[in-house]
Every structure is written in C-alpha cells, then in structure tokens.
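*Asks:* So I've got this file, structure.csv, and it contains CSV, C-alpha atoms:
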```csv
chain,number,residue,atom,x,y,z
A,251,MET,CA,0.0,0.0,0.0
A,252,ALA,CA,2.8,2.4,1.0
A,253,THR,CA,4.6,1.4,-2.3
A,254,ASP,CA,1.5,2.3,-4.3
A,255,VAL,CA,1.3,5.7,-2.7
A,256,ALA,CA,5.0,6.3,-3.4
A,257,ASP,CA,4.5,5.0,-6.9
A,258,ARG,CA,1.6,7.4,-7.5
A,259,ARG,CA,3.6,10.3,-6.0
A,260,TYR,CA,6.6,9.6,-8.2
A,261,ARG,CA,4.4,9.4,-11.3
A,262,ALA,CA,2.8,12.8,-10.6
A,263,TRP,CA,6.2,14.3,-9.9
A,264,TYR,CA,7.6,12.9,-13.1
A,265,ALA,CA,4.7,14.3,-15.1
A,266,VAL,CA,5.5,17.8,-13.7
A,267,LEU,CA,9.1,17.3,-14.5
A,268,LEU,CA,8.3,16.4,-18.1
A,269,ARG,CA,6.6,19.8,-18.6
A,270,LEU,CA,10.1,21.4,-18.3
A,271,TYR,CA,11.0,19.9,-21.7
A,272,PRO,CA,10.6,22.3,-24.7
A,273,ARG,CA,7.0,22.2,-25.6
A,274,PRO,CA,7.3,20.5,-29.1
A,275,PHE,CA,9.4,17.7,-27.5
A,276,HIS,CA,6.9,17.3,-24.6
A,277,GLU,CA,3.9,17.2,-27.0
A,278,ARG,CA,5.6,14.6,-29.1
A,279,PHE,CA,7.2,12.3,-26.5
A,280,GLY,CA,5.7,13.3,-23.1
A,281,GLU,CA,3.1,10.5,-23.1
A,282,GLY,CA,5.6,7.8,-24.2
A,283,MET,CA,8.1,8.9,-21.6
A,284,ALA,CA,5.5,8.9,-18.8
A,285,GLN,CA,4.4,5.5,-19.9
A,286,THR,CA,8.0,4.2,-19.9
A,287,PHE,CA,8.5,5.6,-16.5
A,288,HIS,CA,5.3,3.9,-15.2
A,289,ASP,CA,6.7,0.6,-16.7
A,290,LEU,CA,10.0,1.1,-15.0
A,291,CYS,CA,8.3,1.8,-11.6
A,292,ARG,CA,6.1,-1.3,-12.0
A,293,GLU,CA,9.2,-3.4,-12.9
A,294,ARG,CA,10.9,-2.3,-9.7
A,295,ARG,CA,7.8,-2.7,-7.6
A,296,ASP,CA,7.3,-6.3,-8.9
A,297,ALA,CA,10.9,-7.0,-8.1
A,298,LYS,CA,10.3,-5.6,-4.6
A,299,ARG,CA,13.0,-3.0,-5.1
A,300,GLY,CA,12.8,0.5,-3.6
A,301,LEU,CA,12.0,3.5,-5.6
A,302,SER,CA,13.9,6.3,-4.0
A,303,GLY,CA,17.3,5.6,-5.5
A,304,PHE,CA,15.7,5.0,-8.9
A,305,ALA,CA,13.8,8.3,-8.6
A,306,LEU,CA,17.0,10.2,-7.9
A,307,TRP,CA,18.6,8.7,-10.9
A,308,ILE,CA,15.6,9.5,-13.1
A,309,LEU,CA,15.6,13.1,-11.7
A,310,PHE,CA,19.2,13.5,-12.7
A,311,GLU,CA,18.8,11.8,-16.1
A,312,THR,CA,15.7,13.9,-16.9
A,313,LEU,CA,17.3,17.2,-15.9
A,314,VAL,CA,20.2,16.4,-18.2
A,315,GLY,CA,17.8,15.6,-21.0
A,316,ILE,CA,15.8,18.9,-20.4
A,317,ILE,CA,19.1,20.9,-20.6
A,318,ARG,CA,20.2,19.0,-23.7
A,319,GLU,CA,16.9,19.3,-25.6
A,320,SER,CA,16.5,23.0,-24.6
A,321,THR,CA,20.1,23.8,-25.8
A,322,ILE,CA,19.4,22.0,-29.1
A,323,ARG,CA,16.2,23.9,-29.6
A,324,MET,CA,17.9,27.2,-28.9
A,325,THR,CA,20.6,26.4,-31.4
A,326,GLN,CA,18.0,25.5,-34.0
A,327,MET,CA,16.1,28.7,-33.3
A,328,SER,CA,19.3,30.8,-33.6
A,329,ARG,CA,20.0,29.2,-37.0
A,330,THR,CA,16.4,29.8,-38.1
A,331,ILE,CA,16.6,33.5,-37.1
A,332,LEU,CA,20.0,33.9,-38.9
A,333,ARG,CA,18.6,32.3,-42.1
A,334,VAL,CA,15.4,34.4,-42.1
A,335,ALA,CA,17.4,37.6,-41.4
A,336,LEU,CA,19.7,36.9,-44.4
A,337,VAL,CA,16.8,36.0,-46.7
A,338,ALA,CA,15.0,39.2,-45.6
A,339,LEU,CA,18.1,41.2,-46.3
A,340,GLY,CA,18.3,39.6,-49.8
A,341,LEU,CA,14.7,40.6,-50.5
A,342,LEU,CA,15.4,44.1,-49.2
A,343,MET,CA,17.9,44.4,-52.0
A,344,VAL,CA,15.0,44.6,-54.5
A,345,PRO,CA,13.5,47.9,-53.3
A,346,LEU,CA,17.0,49.1,-52.4
A,347,VAL,CA,18.3,48.6,-55.9
A,348,ALA,CA,15.0,49.8,-57.5
A,349,SER,CA,15.3,53.1,-55.5
A,350,GLN,CA,18.6,53.7,-57.2
A,351,VAL,CA,17.5,53.0,-60.7
A,352,VAL,CA,13.8,53.8,-60.9
A,353,ASP,CA,12.9,57.5,-61.2
A,354,GLY,CA,10.6,58.8,-58.5
A,355,TRP,CA,11.3,55.9,-56.1
A,356,ASN,CA,12.6,57.8,-53.1
A,357,TRP,CA,11.8,56.0,-49.9
A,358,PRO,CA,13.1,57.5,-46.7
A,359,PRO,CA,15.5,55.3,-44.7
A,360,GLY,CA,12.7,54.5,-42.2
A,361,ALA,CA,10.7,52.9,-45.0
A,362,PHE,CA,13.5,50.4,-45.7
A,363,VAL,CA,13.7,49.5,-42.1
A,364,PHE,CA,10.0,49.0,-41.9
A,365,VAL,CA,10.0,46.8,-45.0
A,366,TYR,CA,12.9,44.8,-43.6
A,367,VAL,CA,10.9,44.2,-40.4
A,368,LEU,CA,7.9,43.1,-42.4
A,369,PHE,CA,10.0,40.7,-44.5
A,370,PHE,CA,11.6,39.3,-41.3
A,371,ALA,CA,8.3,39.0,-39.5
A,372,ALA,CA,6.7,37.1,-42.4
A,373,GLY,CA,9.7,34.9,-42.8
A,374,MET,CA,9.8,34.0,-39.1
A,375,ALA,CA,6.0,33.4,-39.1
A,376,PHE,CA,6.6,31.0,-42.0
A,377,ALA,CA,9.5,29.2,-40.4
A,378,LEU,CA,7.7,28.8,-37.0
A,379,ILE,CA,4.3,27.7,-38.4
A,380,ALA,CA,5.5,25.5,-41.3
A,381,ARG,CA,7.7,23.4,-39.0
A,382,ARG,CA,4.6,22.2,-37.2
A,383,MET,CA,3.7,19.8,-40.0
A,384,GLY,CA,5.8,17.8,-42.4
A,385,ALA,CA,3.2,17.7,-45.2
A,386,TRP,CA,4.2,19.8,-48.2
A,387,SER,CA,0.7,21.0,-48.6
A,388,TYR,CA,0.7,22.5,-45.1
A,389,LYS,CA,3.9,24.3,-45.7
A,390,ALA,CA,2.7,25.6,-49.1
A,391,GLY,CA,-0.5,26.7,-47.6
A,392,VAL,CA,1.3,28.7,-44.9
A,393,GLY,CA,3.6,30.2,-47.6
A,394,LEU,CA,0.7,31.3,-49.9
A,395,ALA,CA,-1.4,32.7,-47.0
A,396,LEU,CA,1.5,34.8,-45.7
A,397,ALA,CA,2.5,36.0,-49.2
A,398,ALA,CA,-1.1,37.0,-50.0
A,399,GLY,CA,-1.5,38.6,-46.5
A,400,PHE,CA,1.8,40.5,-47.0
A,401,VAL,CA,0.7,41.8,-50.5
A,402,LEU,CA,-2.8,42.8,-49.2
A,403,GLY,CA,-1.4,44.5,-46.1
A,404,TRP,CA,1.3,46.3,-48.1
A,405,GLY,CA,-1.0,47.4,-50.9
A,406,ASN,CA,-3.5,48.8,-48.5
A,407,MET,CA,-0.9,50.7,-46.6
A,408,VAL,CA,0.4,52.3,-49.8
A,409,HIS,CA,-3.1,53.3,-50.8
A,410,MET,CA,-3.8,54.7,-47.4
A,411,THR,CA,-0.7,56.8,-47.5
A,412,GLU,CA,-1.2,58.0,-51.1
A,413,LYS,CA,-4.9,58.8,-50.7
A,414,GLU,CA,-4.9,59.6,-47.0
A,415,ASN,CA,-8.1,57.6,-46.8
A,416,PRO,CA,-8.6,55.6,-43.6
A,417,ALA,CA,-11.4,53.7,-45.2
A,418,PHE,CA,-8.7,51.2,-46.5
A,419,LEU,CA,-8.2,50.2,-42.8
A,420,VAL,CA,-11.3,48.0,-43.3
A,421,TYR,CA,-9.2,45.6,-45.4
A,422,PHE,CA,-6.8,45.0,-42.5
A,423,GLY,CA,-9.9,43.5,-40.8
A,424,VAL,CA,-9.5,40.5,-43.2
A,425,LEU,CA,-5.9,40.0,-41.9
A,426,VAL,CA,-7.1,40.3,-38.3
A,427,MET,CA,-9.8,37.8,-39.0
A,428,GLY,CA,-7.2,35.4,-40.4
A,429,GLY,CA,-5.0,35.8,-37.3
A,430,VAL,CA,-7.9,35.2,-35.0
A,431,GLY,CA,-9.0,32.2,-37.1
A,432,ALA,CA,-5.5,30.7,-37.0
A,433,TRP,CA,-5.4,31.3,-33.2
A,434,ILE,CA,-8.8,29.5,-32.7
A,435,ALA,CA,-7.7,26.7,-35.0
A,436,ARG,CA,-4.4,26.4,-33.0
A,437,LEU,CA,-2.7,26.2,-36.4
A,438,GLU,CA,-4.3,22.8,-37.1
A,439,ALA,CA,-4.9,22.2,-40.8
A,440,PRO,CA,-8.7,21.8,-40.8
A,441,GLY,CA,-9.3,25.0,-38.8
A,442,MET,CA,-6.7,26.9,-40.9
A,443,ALA,CA,-8.6,25.8,-44.1
A,444,ARG,CA,-11.8,27.2,-42.7
A,445,ALA,CA,-10.1,30.5,-41.6
A,446,LEU,CA,-8.6,30.9,-45.1
A,447,TYR,CA,-11.9,30.2,-46.9
A,448,ALA,CA,-13.6,32.7,-44.6
A,449,MET,CA,-10.9,35.3,-45.5
A,450,ALA,CA,-11.4,34.6,-49.2
A,451,VAL,CA,-15.2,35.0,-49.0
A,452,VAL,CA,-15.1,38.2,-46.9
A,453,LEU,CA,-12.3,39.8,-49.1
A,454,SER,CA,-14.2,38.9,-52.3
A,455,ALA,CA,-17.4,40.5,-50.9
A,456,MET,CA,-15.5,43.6,-50.0
A,457,ALA,CA,-13.7,43.8,-53.3
A,458,GLY,CA,-17.0,43.2,-55.2
A,459,THR,CA,-18.7,46.0,-53.2
A,460,GLN,CA,-15.8,48.3,-54.0
A,461,LEU,CA,-16.1,47.4,-57.7
A,462,LEU,CA,-19.8,48.2,-57.7
A,463,LEU,CA,-19.4,51.4,-55.9
A,464,SER,CA,-16.5,52.6,-58.1
A,465,GLY,CA,-18.8,52.4,-61.1
A,466,ALA,CA,-16.0,53.3,-63.6
A,467,PRO,CA,-15.3,50.7,-66.2
A,468,ALA,CA,-11.6,51.2,-65.7
A,469,GLY,CA,-9.3,53.1,-63.4
A,470,PRO,CA,-7.3,52.7,-60.2
A,471,ASP,CA,-10.2,51.7,-58.0
A,472,ARG,CA,-11.1,48.9,-60.4
A,473,ASN,CA,-7.5,47.7,-60.6
A,474,GLN,CA,-7.3,47.7,-56.8
A,475,ALA,CA,-10.5,45.6,-56.6
A,476,ILE,CA,-9.1,43.1,-59.1
A,477,GLY,CA,-5.9,42.9,-57.1
A,478,ARG,CA,-8.0,42.1,-54.0
A,479,PHE,CA,-9.9,39.4,-55.9
A,480,VAL,CA,-6.5,37.9,-56.8
A,481,CYS,CA,-5.5,38.0,-53.1
A,482,ALA,CA,-8.9,36.3,-52.2
A,483,ALA,CA,-8.2,33.6,-54.8
A,484,VAL,CA,-4.8,33.0,-53.3
A,485,PHE,CA,-6.4,32.8,-49.8
A,486,ALA,CA,-8.8,30.2,-51.2
A,487,ALA,CA,-6.0,28.2,-52.8
A,488,SER,CA,-4.2,28.3,-49.5
A,489,GLY,CA,-7.3,27.0,-47.8
A,490,LEU,CA,-7.4,24.1,-50.3
A,491,LEU,CA,-3.8,23.3,-49.5
A,492,PHE,CA,-4.7,23.2,-45.8
A,493,ARG,CA,-7.7,21.0,-46.6
A,494,HIS,CA,-5.3,18.7,-48.5
A,495,ALA,CA,-3.0,18.5,-45.5
A,496,SER,CA,-5.9,17.8,-43.2
A,497,LEU,CA,-7.1,15.0,-45.5
A,498,ALA,CA,-3.6,13.5,-45.6
A,499,GLY,CA,-4.1,13.1,-41.9
A,500,THR,CA,-0.6,14.0,-41.0
A,501,LYS,CA,0.0,16.3,-38.1
B,72,MET,CA,17.8,9.3,-50.4
B,73,ALA,CA,19.7,10.1,-47.2
B,74,LYS,CA,18.3,13.0,-45.2
B,75,LYS,CA,20.6,16.0,-44.6
B,76,ASP,CA,20.5,15.4,-40.8
B,77,ALA,CA,21.5,11.7,-41.1
B,78,PRO,CA,24.3,11.1,-38.6
B,79,GLN,CA,27.6,10.0,-40.1
B,80,ALA,CA,29.4,6.9,-38.6
B,81,PRO,CA,30.5,6.4,-35.9
B,82,LEU,CA,27.1,6.2,-34.2
B,83,THR,CA,26.7,7.1,-30.5
B,84,PRO,CA,26.4,4.1,-28.2
B,85,ALA,CA,22.7,4.9,-27.6
B,86,VAL,CA,21.8,5.2,-31.3
B,87,LEU,CA,23.7,1.9,-32.1
B,88,HIS,CA,21.9,0.0,-29.3
B,89,ILE,CA,18.5,1.4,-30.3
B,90,LEU,CA,19.1,0.4,-33.9
B,91,LEU,CA,20.2,-3.1,-32.8
B,92,ALA,CA,17.1,-3.4,-30.6
B,93,LEU,CA,14.8,-2.5,-33.5
B,94,SER,CA,16.7,-4.6,-36.1
B,95,THR,CA,14.5,-7.7,-35.5
B,96,GLN,CA,11.1,-6.2,-34.7
B,97,GLU,CA,9.1,-3.0,-33.8
B,98,ARG,CA,9.2,-2.1,-30.1
B,99,HIS,CA,7.8,0.5,-27.8
B,100,GLY,CA,10.0,2.7,-25.5
B,101,TYR,CA,10.1,0.3,-22.6
B,102,GLY,CA,10.6,-2.7,-25.0
B,103,ILE,CA,13.6,-0.9,-26.5
B,104,MET,CA,15.0,-0.2,-23.1
B,105,LYS,CA,14.7,-3.9,-22.0
B,106,GLN,CA,16.2,-5.1,-25.3
B,107,VAL,CA,19.2,-2.7,-25.0
B,108,GLN,CA,19.8,-3.9,-21.5
B,109,ALA,CA,19.6,-7.5,-22.6
B,110,ASP,CA,21.9,-6.9,-25.7
B,111,SER,CA,24.5,-5.2,-23.6
B,112,GLN,CA,24.2,-7.7,-20.6
B,113,GLY,CA,23.1,-4.8,-18.4
B,114,LYS,CA,26.1,-2.6,-19.2
B,115,VAL,CA,24.1,0.0,-21.1
B,116,LYS,CA,21.3,1.5,-19.1
B,117,MET,CA,19.4,4.4,-20.5
B,118,GLY,CA,16.6,6.4,-18.9
B,119,PRO,CA,13.5,7.7,-20.7
B,120,GLY,CA,15.3,11.1,-21.2
B,121,THR,CA,18.2,9.6,-23.1
B,122,LEU,CA,16.0,7.1,-24.9
B,123,TYR,CA,13.4,9.6,-26.2
B,124,GLY,CA,16.0,12.2,-27.0
B,125,SER,CA,17.8,9.7,-29.2
B,126,ILE,CA,14.5,8.5,-30.7
B,127,GLY,CA,13.7,12.1,-31.7
B,128,ARG,CA,17.0,12.7,-33.4
B,129,MET,CA,16.9,9.3,-35.1
B,130,MET,CA,13.5,10.0,-36.5
B,131,GLU,CA,14.7,13.3,-37.8
B,132,ALA,CA,17.6,11.6,-39.4
B,133,GLY,CA,15.2,9.0,-41.0
B,134,LEU,CA,16.9,6.0,-39.2
B,135,ILE,CA,13.7,5.0,-37.4
B,136,ARG,CA,10.0,5.7,-37.8
B,137,GLU,CA,6.9,5.8,-35.6
B,138,SER,CA,4.5,3.0,-36.1
B,139,VAL,CA,0.8,2.7,-35.2
B,140,LYS,CA,-0.2,2.9,-31.5
B,141,ARG,CA,-1.2,-0.5,-30.2
B,142,VAL,CA,-1.5,-2.6,-27.1
B,143,ASP,CA,1.4,-4.8,-26.0
B,144,PRO,CA,-0.3,-8.2,-25.2
B,145,GLU,CA,2.5,-9.0,-22.7
B,146,MET,CA,1.8,-5.9,-20.7
B,147,ASP,CA,-1.2,-3.9,-19.6
B,148,ASP,CA,-4.0,-2.7,-21.9
B,149,GLU,CA,-2.5,0.7,-22.5
B,150,ARG,CA,-1.9,1.6,-26.2
B,151,ARG,CA,1.8,2.4,-26.9
B,152,VAL,CA,3.7,4.0,-29.7
B,153,TYR,CA,5.9,1.5,-31.5
B,154,TYR,CA,9.1,2.4,-33.3
B,155,GLY,CA,10.6,0.5,-36.3
B,156,ILE,CA,13.9,0.7,-38.2
B,157,THR,CA,13.9,2.2,-41.7
B,158,GLY,CA,16.1,1.2,-44.7
B,159,GLU,CA,18.4,4.1,-43.9
B,160,GLY,CA,18.6,2.8,-40.3
B,161,ARG,CA,19.6,-0.7,-41.5
B,162,ALA,CA,22.2,0.9,-43.8
B,163,ALA,CA,23.7,3.0,-41.0
B,164,LEU,CA,23.7,-0.1,-38.7
B,165,ALA,CA,25.5,-2.2,-41.3
B,166,ALA,CA,28.0,0.6,-42.0
B,167,GLU,CA,28.7,0.9,-38.2
B,168,LEU,CA,29.2,-2.9,-37.8
B,169,ARG,CA,31.6,-2.9,-40.8
B,170,ARG,CA,33.5,-0.1,-39.1
B,171,TYR,CA,33.6,-2.1,-35.8
B,172,ARG,CA,34.9,-5.2,-37.7
B,173,GLY,CA,37.6,-3.1,-39.3
B,174,VAL,CA,38.7,-1.8,-35.9
B,175,VAL,CA,38.6,-5.3,-34.4
B,176,ALA,CA,40.7,-6.7,-37.3
B,177,VAL,CA,43.3,-4.0,-36.8
B,178,ALA,CA,43.4,-4.5,-33.0
B,179,GLU,CA,43.7,-8.3,-33.3
B,180,GLY,CA,46.5,-7.9,-35.9
B,181,ARG,CA,48.4,-5.6,-33.5
B,182,LEU,CA,47.9,-7.8,-30.5
B,183,SER,CA,49.0,-11.0,-32.3
B,184,TYR,CA,52.1,-9.1,-33.6
B,185,GLY,CA,52.9,-8.0,-30.0
B,186,ASN,CA,52.7,-11.6,-28.8
```
Give the structure from this file in structure tokens form.
*Replies:*
Amino acid sequence: MATDVADRRYRAWYAVLLRLYPRPFHERFGEGMAQTFHDLCRERRDAKRGLSGFALWILFETLVGIIRESTIRMTQMSRTILRVALVALGLLMVPLVASQVVDGWNWPPGAFVFVYVLFFAAGMAFALIARRMGAWSYKAGVGLALAAGFVLGWGNMVHMTEKENPAFLVYFGVLVMGGVGAWIARLEAPGMARALYAMAVVLSAMAGTQLLLSGAPAGPDRNQAIGRFVCAAVFAASGLLFRHASLAGTK
Amino acid sequence: MAKKDAPQAPLTPAVLHILLALSTQERHGYGIMKQVQADSQGKVKMGPGTLYGSIGRMMEAGLIRESVKRVDPEMDDERRVYYGITGEGRAALAAELRRYRGVVAVAEGRLSYGN
C-alpha cells in the first residue's frame, strides 16, 4: 500500500518534470516517456526494489535531458533567425536597388527599415508555423497565406498613404480575421482551411462592393479591386492546400 | 535518399543500441530499453530522457519511424507508440558494424604481432 502511494507520487512528480522539456518535445514524447516511467516503476515494484534511488537517478537523467533538448532547440532557433534575417536582407535588396535605378522611387531610410521588419516577421512566421507539420501542402498553404497577406497589407498601406483615406483600414480586418482564425484553430490544418476560406469570401465580398461602388469601367479603383480578388483567390488556394494537408491526416 | 541530418558513422552508443534493438522487430519505448539492457548484458542502461531524446534525433535523421499505436499483449491494456527501423537505419547499422569489424581486425592484428 505504501509502495502504491509512493509510486503514484513519483508518477505525478515525473509528469510535472516532463513539462520542463521544450513544448514540441513534450507534446511529441511526453506521453511515451510517462508510460515508460510507469513501466520502470512497475518493474521495480514487482521485483520488490525500492523507488527512492531509482527516482533520484531518473531526476538527474531527466534534468540532463531537459538541458540537452533546450540547448538543441535554442541552437536550431538561432539558426532559423539567422537564415530568415539573411533572406529578408536579400529581399530588401530589390527595393534598395530599385530606388537607385527607378525614377521617383525615393523612400526615406525608415521605410526600408519598416519593409525589412515586415519581411523578417513574415519569414519568421513561415519558419515557425511551417515546421509544425511535415506535409508539403501545409507548408505551401502557410507560404501562400503569408504571401497574400503581405501583399494585401502592403498594398492597403500604400493606398492609405497615397490617398490619405482611412477607409482602407477595413481591409486590415481581413488579416485580423485570419489571425484570430489561426489562433482559434491552434494552427491545425482543418481549422486553418476554414479560416482561409472565410478570409477569401469576406475579401471577395469587400472587393465586389468596391467594384460596384467605383462604377467606372476602368481606373485605379477597379484595378485595386481586381488585385483584392486575386488575393482572395490565393487565400482560397491556401485553404485548399490546408484542406489537402488535413485529409492527408498528417499532423 | 539520405536526409541531410543523417548522422555519419560512428554512431553514438545509444543510437547503435537502439538500432540493434529494433533490427528484429518493432518495439515501444520500454521494450527498446529492455532489449538494449539484454543486448549489452546490463552494461548499457538508459533512462527515458536519453531514450526519447535519441529517438527524436533518429526519427529526424530517418533512421527509425513511428509505427501505429497498439496494445502490447504481454503488458497492460495501454496503447503504446511502437518504433521501427527504416532502410536508412539498417544501412547505418550495417556501416557501423563494418567499421567495428575493421577496428577489431586492426586491434587483433596488432595484439597478435605484439605476442
């Protein structure tokens, strides 16, 4: 009876200890590790051997494992940050070179910093979300959604600046909706697909309304609306990719 | 095709023993531990931290894969994740054993020359 109580106490204590592992590692192996620990406890109990020395060894072994896995994760994260920072720098070269050769392209230095931050943030978002799943369709879905979101956000910001019209802020609502949808879906493929479809529908409706209100057969407003329809189509395509990933059943 | 993270020989003792344990059949975590202990006559003893840390890296390197969750008929009725060796894992194990044979041949040659 006393052994059972000690056994239960050690299991509870080990479950708490496992939570100190990096989250992805804990989510992937936590259950198996707890099960293996239970099996080892049972083996010792059946052999009528004490648990205290064993528990001390497991504590030491687990702490070493936690430090090792955390260090590996930090190293991987540093590499990811460095890679994304370099890719963002490469992409920044496009507007940087363009500002030298295209007439009238005269961004202030702050604009370049802002664009770099946007490239970096989009790249990090892709790197962190896409690693959640091995399926190519999930990664492609994340890539398309971020690219379309980037273009939509950037385009609206430029129009807002040029026309000084805060009405364009409404389009950022689509991006906020996508962010909330991804948060509710906890980045799982089926929920992400639904969020992207919803974004595509709402953006299409907004672009359609803009097209109807603009009235003119051709002009900047019409072109902007067409651009938003394209973004909506890309969101829908991204949703289809997430749907494919969810049907593939890989997590 | 070998994955970019595939470890180059020599393998660590933990990886070698896990590959050996899985070379005949799929096993769950505790099963791997017991097999490693038996294979090494109790000389290699790994806890869950070492075992699952190695399993994670071996899966990333494509040496082993996760199999379906199922109940072990010799144990309780809990469903367990089983692990199995892949073709790359077998190749890595074979390469490691060849390396060991080479080392043993050199060592035996030297020792017999010394005698």
*Asks:* Which residues of chain B have any atom within 10 Å of an atom in chain A when counting only C-alpha atoms, and what is the closest pair of atoms for each, with the distance in Å to one decimal? Order the rows by chain and rising number and write it as a Markdown table.
*Replies:*
```
| residue | atom | partner | partner_atom | distance |
| --- | --- | --- | --- | --- |
| B:His99 | CA | A:Gly282 | CA | 8.4 |
| B:Gly100 | CA | A:Thr286 | CA | 6.1 |
| B:Tyr101 | CA | A:Thr286 | CA | 5.2 |
| B:Gly102 | CA | A:Thr286 | CA | 9.0 |
| B:Met104 | CA | A:Thr286 | CA | 8.9 |
| B:Lys105 | CA | A:Leu290 | CA | 9.8 |
| B:Met117 | CA | A:Glu311 | CA | 8.6 |
| B:Gly118 | CA | A:Glu311 | CA | 6.5 |
| B:Pro119 | CA | A:Met283 | CA | 5.6 |
| B:Gly120 | CA | A:Thr312 | CA | 5.1 |
| B:Thr121 | CA | A:Gly315 | CA | 6.4 |
| B:Leu122 | CA | A:Met283 | CA | 8.7 |
| B:Tyr123 | CA | A:Phe279 | CA | 6.8 |
| B:Gly124 | CA | A:Gly315 | CA | 7.1 |
| B:Ile126 | CA | A:Phe279 | CA | 9.2 |
| B:Gly127 | CA | A:Phe275 | CA | 8.2 |
| B:Met146 | CA | A:Asp289 | CA | 9.1 |
| B:Asp147 | CA | A:Asp289 | CA | 9.5 |
| B:Glu149 | CA | A:Gln285 | CA | 8.8 |
| B:Arg150 | CA | A:Gln285 | CA | 9.7 |
| B:Arg151 | CA | A:Gly282 | CA | 7.1 |
| B:Val152 | CA | A:Gly282 | CA | 6.9 |
| B:Tyr153 | CA | A:Gly282 | CA | 9.6 |
```
*Asks:* Would you list the contacts of Gly429 of chain A as an NGL selection string, taking every protein, DNA or RNA residue within 12 Å and counting only C-alpha atoms, but skipping same-chain residues closer than 4 positions in sequence?
*Replies:* :A and (375 or 395-396 or 399 or 422-425 or 433-437 or 441-442 or 445-446 or 448-449)
*Asks:* Show which residues sit within 10 Å of segment 406-411 of chain A, as a compact mmCIF listing (two decimals) with C-alpha atoms, in the frame of the given file. Count all atoms listed in the file, and ignore same-chain residues fewer than 3 positions away.
*Replies:*
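And here's result35.txt as it stands now:
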```
# COMPACT_ATOMS: atom_id res chain seq x y z
CA PHE A 400 1.80 40.50 -47.00
CA VAL A 401 0.70 41.80 -50.50
CA LEU A 402 -2.80 42.80 -49.20
CA GLY A 403 -1.40 44.50 -46.10
CA GLU A 414 -4.90 59.60 -47.00
CA ASN A 415 -8.10 57.60 -46.80
CA PRO A 416 -8.60 55.60 -43.60
CA ALA A 417 -11.40 53.70 -45.20
CA PHE A 418 -8.70 51.20 -46.50
CA LEU A 419 -8.20 50.20 -42.80
CA VAL A 420 -11.30 48.00 -43.30
CA TYR A 421 -9.20 45.60 -45.40
CA PHE A 422 -6.80 45.00 -42.50
CA GLN A 474 -7.30 47.70 -56.80
CA ARG A 478 -8.00 42.10 -54.00
```
*Asks:* Work out where the centre of an axis-aligned box around every listed atom of segment 444-453 of chain A lies and how long its edges are once 8 Å is added on each side; give both in Å to one decimal as AutoDock Vina command-line options.
*Replies:*
```
--center_x -11.9 --center_y 33.5 --center_z -45.4 --size_x 22.6 --size_y 28.6 --size_z 23.6
```
*Asks:* In the coordinate frame of the file, compute which residues have an atom within 12 Å of (30.7, 5.9, -38.2) when using all atoms listed in the file, and state them as a list in words.
*Replies:*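 Looking at atoms near the point gives Ala77, Pro78, Gln79, Ala80, Pro81, Leu82, Thr83, Pro84, Val86, Leu87, Ala162, Ala163, Leu164, Ala165, Ala166, Glu167, Leu168, Arg169, Arg170, Tyr171, Arg172, Gly173 and Val174 of chain B.
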*Asks:* Out of B:Ile103, B:Ser94, B:Gly160, B:Gly180, which residue has the shortest atom-to-atom distance to Val115 of chain B when counting only C-alpha atoms?
*Replies:*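 Residue with the minimum atom-to-atom distance to Val115 of chain B: B:Ile103.
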